Amino acid sequence: MTDWTIIIEKAILVVSIFGISLVVAMYSTYGERKIAAFFQDRVGPNRAGPFGLLQPLADGGKMFFKEEFIPDKSTKWLFIMGPGIAMLTACMTSAVIPWGPDVVLANRTISLQVANPDIGILYILGILSLGVFGMMIGGWASNNKYSLYSAIRASSQVISYELAMGLSIIAIIMMTGSLSLSDIVASQHGINWNIFYQPLGFVIFMTTALAECNRAPFDMAECETELIGGYHTEYSSMKLGFFLFAEYINMFVSSAIIATLFFGGYNFTGMDSIHNPILLSTLGALVFFAKIFFFIFVFMWIRWTLPRFRYDQLMHLGWKMLIPLAIINMLLTGFFTLWFH
């Protein structure tokens with residue numbers, strides 16, 4: 001009976017996180033258009049529903065009812081598989097993120113984390129490295145030179161920036177002594193956040209997260225001025241929708257990881273004065289999502305502020321600047337950890 005209870009609890013949590021991810025991704029498109037309009041002194045979507053709040057539903061309906069076609073010269077089964085891989089890997093990453101403090105109901109402690117492996121960080125890095133296969137397969141299977149060029153760009157970009165991302169995370173692991181995300185969050189209790197000890201690590205991780213999500217100014221895999229639409233040039237209907245949704249889900253999950261590693265996750269100042277466990281769990285989850293939404297805004301702010309890099313500048317930044325800085329940050333972290341302990 002206990003095993004079935006745990007399975008039901010985890011199933012409810014999985015479905016809830018999946019639904020929240022889809023809703024956040026859906027309304028991130030609305031938020032991005034509104035933020036872009038604000039920066040460009042425009043109104044943005046305002047016709048579908050009050051303040052344009054039904055615009056994501058209209059966009060989803062448009063994608064769903066569009067004509068679906070597969071190019072004759074494409075590798076059809078790979079062409080179909082590409083968007084599915086992108087969407088699957090985007091959703092899988094959230095499984096190890098602690099979304100709030102444990103909830104106590106009917107003398108049962110319910111964890112707001114689908115899985116808590118001892119190697120949660122390695123799981124995230126592994127899934128992130130698999131995410132590029134959706135773009136690579138989609139670009140190659142399209143039998144389109146622009147799409148293939150985009151797939152090559154995407155693979156080299158992800159490989160380059162994953163190295164700096166991993167090195168910046170090593171500094172957090174050295175401070176915490178654990179690869180588990182729940183342990184990393186627990187070590188930042190209250191307002192003892194890692195950002196105060198790892199400002200350089202945060203800048204490196206934030207930069208690499210922009211590159212991993214193919215967000216401007218690192219959107220070299222889909223820049224319209226050079227590649228028409230990039231790896232999804234030949235896609236239409238919901239296959240294109242899956243690629244676009246995967247990008248926004250990746251942005252949501254990346255914001256959650258940034259908040260978890262550097263900004264305390266669900267921890268906030270004054271949480272020790274709250275003795276009601278349900279209230280504490282609710283406030284912790286709300287604080288965590290507030291941090292996530294802030295970083296989603298920062299992602300969008302950067303996109304509509306900075307110009308796109310040239311490809312040689314992108315590679316130069318990744319290999320000659322971020323990786324050396326991440327190594328220096330890791331060495332300094334090791335030195336100060338030994339000195340103060």
# chains A, B, ... in the order shown; residues from 1 in each chain; ligands from 1
>>> residues_around(residues="Asn250 in chain A", least_positions_apart="4", cutoff="9 Å", atoms="only C-alpha atoms", output="ChimeraX atom specification")
/A:25,89-91,93,212-213,245-246,254-255
>>> select_by_dssp(residues="range 2-154 of chain A", states="alpha helix (DSSP H)", output="PyMOL selection string")
chain A and resi 2-39+55-65+76-92+120-141+145-154
>>> closest_atom_pairs(of="range 73-179 of chain A", to="range 191-210 of chain A", cutoff="12 Å", atoms="only C-alpha atoms", output="tab-separated table")
residue	atom	partner	partner_atom	distance
A:Leu125	CA	A:Ala209	CA	11.4
A:Leu128	CA	A:Ala209	CA	10.2
A:Gln157	CA	A:Thr208	CA	9.8
A:Val158	CA	A:Thr208	CA	8.8
A:Ile159	CA	A:Thr208	CA	10.6
A:Ser160	CA	A:Thr208	CA	9.2
A:Tyr161	CA	A:Thr208	CA	5.5
A:Glu162	CA	A:Thr208	CA	7.1
A:Leu163	CA	A:Thr208	CA	9.1
A:Ala164	CA	A:Thr208	CA	7.0
A:Met165	CA	A:Phe205	CA	5.4
A:Gly166	CA	A:Phe205	CA	8.5
A:Leu167	CA	A:Gly201	CA	8.7
A:Ser168	CA	A:Gly201	CA	5.1
A:Ile169	CA	A:Gly201	CA	7.5
A:Ile170	CA	A:Gly201	CA	9.4
A:Ala171	CA	A:Gly201	CA	7.4
A:Ile172	CA	A:Asn194	CA	7.6
A:Ile173	CA	A:Asn194	CA	10.8
A:Met174	CA	A:Gln198	CA	11.4
A:Met175	CA	A:Asn194	CA	8.9
A:Thr176	CA	A:Asn194	CA	9.5
>>> select_by_dssp(residues="range 61-226 of chain A", states="strand (DSSP E or B)", output="number ranges by chain")
A: 103-105, 108-110
>>> write_last_selection(atoms="all heavy atoms", output="compact mmCIF listing (two decimals), in the first residue's frame")
# COMPACT_ATOMS: atom_id res chain seq x y z
N VAL A 103 6.36 18.75 1.92
CA VAL A 103 5.00 19.01 2.39
C VAL A 103 4.62 17.91 3.39
O VAL A 103 4.83 16.73 3.11
CB VAL A 103 4.00 19.03 1.22
CG1 VAL A 103 2.59 19.27 1.73
CG2 VAL A 103 4.39 20.11 0.23
N VAL A 104 4.06 18.29 4.54
CA VAL A 104 3.61 17.32 5.55
C VAL A 104 2.09 17.30 5.54
O VAL A 104 1.43 18.28 5.87
CB VAL A 104 4.14 17.68 6.95
CG1 VAL A 104 3.66 16.66 7.97
CG2 VAL A 104 5.65 17.75 6.94
N LEU A 105 1.52 16.15 5.11
CA LEU A 105 0.07 15.96 5.06
C LEU A 105 -0.28 14.62 5.67
O LEU A 105 0.28 13.58 5.28
CB LEU A 105 -0.44 16.00 3.60
CG LEU A 105 -0.47 17.36 2.90
CD1 LEU A 105 -0.89 17.18 1.44
CD2 LEU A 105 -1.42 18.32 3.60
N ARG A 108 2.37 12.35 6.72
CA ARG A 108 3.22 11.88 5.64
C ARG A 108 4.06 13.06 5.12
O ARG A 108 3.54 14.16 4.95
CB ARG A 108 2.40 11.31 4.48
CG ARG A 108 1.85 9.92 4.73
CD ARG A 108 1.21 9.37 3.46
NE ARG A 108 2.16 9.35 2.36
CZ ARG A 108 3.08 8.40 2.18
NH1 ARG A 108 3.16 7.40 3.03
NH2 ARG A 108 3.89 8.45 1.14
N THR A 109 5.33 12.79 4.89
CA THR A 109 6.21 13.80 4.32
C THR A 109 6.32 13.57 2.82
O THR A 109 6.79 12.51 2.38
CB THR A 109 7.61 13.72 4.96
OG1 THR A 109 7.48 13.93 6.38
CG2 THR A 109 8.51 14.81 4.39
N ILE A 110 5.85 14.55 2.06
CA ILE A 110 5.82 14.44 0.60
C ILE A 110 6.88 15.37 0.02
O ILE A 110 6.86 16.58 0.26
CB ILE A 110 4.43 14.81 0.04
CG1 ILE A 110 3.35 13.90 0.66
CG2 ILE A 110 4.41 14.71 -1.47
CD1 ILE A 110 1.94 14.32 0.32
>>> closest_residue(among="A:Ile127, A:Ile121, A:Ala285, A:Ala326", to="Pro101 in chain A", atoms="only C-alpha atoms")
A:Ala285
>>> atom_distance(atom1="CA of Phe65 in chain A", atom2="CA of Met238 in chain A")
8.5 Å
>>> residues_around(residues="range 288-302 of chain A", least_positions_apart="2", cutoff="9 Å", atoms="only C-alpha atoms", output="PyMOL selection string")
chain A and resi 28+31-32+35-36+39+99-100+210+215-217+251-260+263-268+283-286+304-306
>>> closest_residue(among="A:Ala154, A:Leu53, A:Ala11, A:Leu130", to="Met92 in chain A", atoms="only C-alpha atoms")
A:Leu130
>>> atom_distance(atom1="CA of Ile80 in chain A", atom2="CA of Gly138 in chain A")
7.9 Å
>>> residues_around(residues="Asp118 in chain A", least_positions_apart="2", cutoff="8 Å", atoms="only C-alpha atoms", output="number ranges by chain")
A: 116, 120, 178-180
>>> atom_distance(atom1="CA of Met135 in chain A", atom2="CA of His232 in chain A")
7.9 Å
>>> closest_residue(among="A:Phe64, A:Ala211, A:Tyr30, A:Ile152", to="Phe51 in chain A", atoms="only C-alpha atoms")
A:Tyr30
>>> closest_residue(among="A:Met87, A:Ile7, A:Leu57, A:Ala221", to="Phe243 in chain A", atoms="only C-alpha atoms")
A:Met87
>>> closest_residue(among="A:Ile328, A:Ile249, A:Val24, A:Ala141", to="Thr233 in chain A", atoms="only C-alpha atoms")
A:Ala141
>>> closest_residue(among="A:Leu317, A:Leu54, A:Met220, A:Leu181", to="Arg153 in chain A", atoms="only C-alpha atoms")
A:Met220
